[in-house]
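To keep things clear, I will list the structure first and then write my remarks on it.
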Amino acid sequence: MTATTTERLVDLRRDALGDLRAIDFRSPTRDYWADEAAVHDRFVAVWAGLDDAAWRLPGAAPSDAGGPDWSMLDHVGHVVDWWELATGYITDVVRGGPWPTDDDYYAGGDFDAFNEQRRPLFANVAAADLRRRGMAAHDRVVQVAGTLPLETIRSDAAWGWVQQVLHGHAVDHLTVLEPWADALRERQTGNDPFGPDPQPTRASLATGRERFWASADTILADFDRLMTTTPDEVWISPTGEPWTFADHVAHLAGWFEEGARALEAHQAGGAWADLPPEGLDAFNDRQVRAARGTPAADLRTAYAAGAARLGAAIQAMTDDEWLDPEGFSWAYEDLHGHVRAHHAMIGPWAARIGWPAAAANPEEDR
């Protein structure tokens with residue numbers, strides 16, 4: 001088997017990054033734009049399921065120029081920045097200009113210093129806005145680079161300026177971002193708020209409530225987008241575990257109702273509700289099984305109705321209920337914590353729905 005044949009067996013979207021790094025992407029036997037599309041799919045899937053707070057958490061990697069540690073937002077902003085920069089310099093080349101050189105541009109070739117200087121350009125950009133900006137920037141740079149002959153892209157003058165802002169750059173950053181994102185999803189599934197304790201104190205009650213609702217708006221909007229963009233026909237598909245996408249939505253909708261009932265009963269003078277006597281696992285299994293077969297449209301309606309009911313019950317909470325750990329738990333755990341956790345569980349599955357099927361490896365059939 002030749003090296004080229006071996007390269008073709010590598011699934012760029014799914015296989016280990018070490019396998020991708022062993023590929024000679026510059027080889028004329030490679031389909032340059034198919035490679036770029038595959039690696040880009042993998043890049044935009046890396047943040048699937050993560051909420052805004054996760055994007056800003058430092059620690060993804062140290063700065064190569066002595067600045068603070070980089071976050072996911074820093075990494076993605078940096079990649080988007082270079083898509084935008086590349087659109088400019090490739091457009092100049094298409095119009096007859098020369099390729100840039102390290103000495104003429106970008107801090108005299110000190111790219112670490114140049115990149116560190118540009119971090120503030122993205123520091124205050126919301127994650128959702130950065131994703132939209134990135135999609136537009138990627139479309140533009142691919143369009144302008146696509147006007148270049150492949151022989152030009154593979155030339156010594158162009159390769160580092162085209163490939164290195166497309167799939168080469170993505171692979172470099174995925175080396176950091178994939179393990180970092182996996183660790184963040186595990187923490188988010190465990191209800192790590194990625195910041196200070198979300199329960200307010202009496203002194204911080206007003207600002208704590210504001211923070212609660214601002215976070216709720218973002219968290220629910222992100223999950224609404226997930227439900228809207230997931231085709232109805234795959235809602236009954238397993239998400240990599242026994243539950244389907246529909247099961248997750250039904251479960252969240254059911255617990256919205258449970259949380260609302262607990263808060264409403266307490267507001268009417270009752271005691272705080274106990275957790276299900278049969279245990280959470282048995283209760284959740286029974287709850288999900290009862291909802292199976294419900295059409296996706298009906299599940300979306302139930303989810304929206306449950307979220308609205310729980311939201312109204314939280315709005316009616318007294319100061320003492322906000323400050324009571326049990327009361328705050330019924331509000332926070334059934335809204336923020338629960339939606340965040342399940343988004344982290346199923347986000348990566350949803351991000352891969354449109355990917356081509358994994359190519360069969362003939363070696364495995366022997």
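Please note that chains go A, B, ... in the order of the structure tokens, that every chain numbers its residues from 1, and that ligands are numbered from 1 in the order shown.
Neighbouring residues of segment 298-302 of chain A at 8 Å or closer, counting only C-alpha atoms and skipping chain neighbours under 5 positions away, are Met227, Ala246, Val249, Ala250 and Ala253 of chain A.
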**Message:** Residues within 9 Å of Pro68 of chain A, please, as a PyMOL selection string. Count only C-alpha atoms; anything in the same chain fewer than 4 positions from it doesn't count.
**Reply:** chain A and resi 58-59+62-63
Export, as an mmCIF file, in the first residue's frame, the selected residues with all heavy atoms.
```cif
data_model
loop_
_atom_site.group_PDB
_atom_site.id
_atom_site.type_symbol
_atom_site.label_atom_id
_atom_site.label_comp_id
_atom_site.auth_asym_id
_atom_site.auth_seq_id
_atom_site.Cartn_x
_atom_site.Cartn_y
_atom_site.Cartn_z
ATOM 1 N N PRO A 58 -10.230 31.113 30.739
ATOM 2 C CA PRO A 58 -8.820 31.004 30.353
ATOM 3 C C PRO A 58 -8.279 29.621 30.677
ATOM 4 O O PRO A 58 -8.845 28.881 31.480
ATOM 5 C CB PRO A 58 -8.145 32.079 31.204
ATOM 6 C CG PRO A 58 -9.018 32.210 32.411
ATOM 7 C CD PRO A 58 -10.428 31.959 31.931
ATOM 8 N N GLY A 59 -7.184 29.291 30.023
ATOM 9 C CA GLY A 59 -6.532 28.023 30.320
ATOM 10 C C GLY A 59 -6.429 27.084 29.152
ATOM 11 O O GLY A 59 -5.848 26.000 29.271
ATOM 12 N N PRO A 62 -1.220 28.514 27.005
ATOM 13 C CA PRO A 62 -0.473 29.724 27.381
ATOM 14 C C PRO A 62 -0.244 30.606 26.164
ATOM 15 O O PRO A 62 -0.259 30.136 25.020
ATOM 16 C CB PRO A 62 0.846 29.159 27.924
ATOM 17 C CG PRO A 62 0.995 27.837 27.252
ATOM 18 C CD PRO A 62 -0.397 27.299 27.058
ATOM 19 N N SER A 63 -0.037 31.888 26.414
ATOM 20 C CA SER A 63 0.299 32.809 25.338
ATOM 21 C C SER A 63 1.746 32.604 24.928
ATOM 22 O O SER A 63 2.631 32.465 25.780
ATOM 23 C CB SER A 63 0.087 34.250 25.805
ATOM 24 O OG SER A 63 0.706 35.167 24.930
#
```
**Asked** Ser215 of chain A: which residues within 10 Å, counting only C-alpha atoms, same-chain residues fewer than 5 positions away excluded, as a PyMOL selection string?
**Response** chain A and resi 51-53+209-210+220-221+336
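Using only C-alpha atoms for every distance, the candidate list A:Ile236, A:Ala307, A:Ala113, A:Ala357 yields A:Ile236 as the residue closest to Ala291 of chain A.
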**Prompt:** Counting only C-alpha atoms, what is within 8 Å of segment 164-180 of chain A, bar same-chain residues fewer than 5 positions away, as a ChimeraX atom specification?
**Reply:** /A:17,20-21,35-36,39-40,43,46,60-61,72,75,79,82-83,86,159
**Request:** Could you check which of A:Glu116, A:Glu84, A:Asp103, A:Asp92 is closest to Ala136 of chain A, using only C-alpha atoms?
**Result:**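 Smallest separation from Ala136 of chain A among the options: A:Glu84.
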**Asked** How many Å separate atom CA of Gly270 of chain A from atom CA of Glu333 of chain A?
**Response**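 Interatomic distance, atom CA of Gly270 of chain A to atom CA of Glu333 of chain A: 20.1 Å.
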**Request:** Please identify all polymer residues within 9 Å of Ala123 of chain A, counting only C-alpha atoms, omitting same-chain residues fewer than 6 positions from it, and present them as a list in words.
**Result:**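 Once the adjacent positions are removed, what remains is Arg56, Leu73, Asp74 and Gly77 of chain A.
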Selected residues written out with C-alpha atoms, as a PDB file, in the first residue's frame:
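Generated output (out-v7.pdb):
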```
ATOM      1  CA  ARG A  56     -14.241  32.908  27.966  1.00  0.00           C
ATOM      2  CA  LEU A  73     -12.771  32.745  22.371  1.00  0.00           C
ATOM      3  CA  ASP A  74      -9.173  33.919  21.894  1.00  0.00           C
ATOM      4  CA  GLY A  77     -11.161  34.970  17.306  1.00  0.00           C
TER       5      GLY A  77
END
```
**Near-Trp330 of chain A list (12 Å; only C-alpha atoms; drop same-chain fewer than 6 positions) as an MDAnalysis selection string** = chainID A and resid 199 255:266 272:275 310:311 313:314 317 321:324 336:338
**Prompt:** Can you tell me, as a ChimeraX atom specification, what residues are no more than 10 Å from Tyr32 of chain A when counting only C-alpha atoms, ignoring any on the same chain fewer than 6 positions away?
**Reply:** /A:25-26,150,153-154,163,167
**Request:** Measure the distance from atom CA of Ile90 of chain A to atom CA of Asp64 of chain A in Å and round it to one decimal.
**Result:** 26.5 Å
**Message:** Under the rule that only C-alpha atoms are counted, which of A:Phe223, A:Phe212, A:Trp47, A:Trp33 is the nearest residue to Leu184 of chain A?
**Reply:**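 When distances to Leu184 of chain A are compared using only C-alpha atoms, the smallest one comes from A:Trp47.
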**Request:** Among the residues of segment 146-303 of chain A, find those DSSP assigns to alpha helix (DSSP H) from the backbone and print them as number ranges by chain.
**Result:** A: 150-153, 156-162, 167-189, 205-229, 245-267, 280-291, 296-303
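One finds atom CA of Phe194 of chain A at 17.6 Å from atom CA of Ala128 of chain A.
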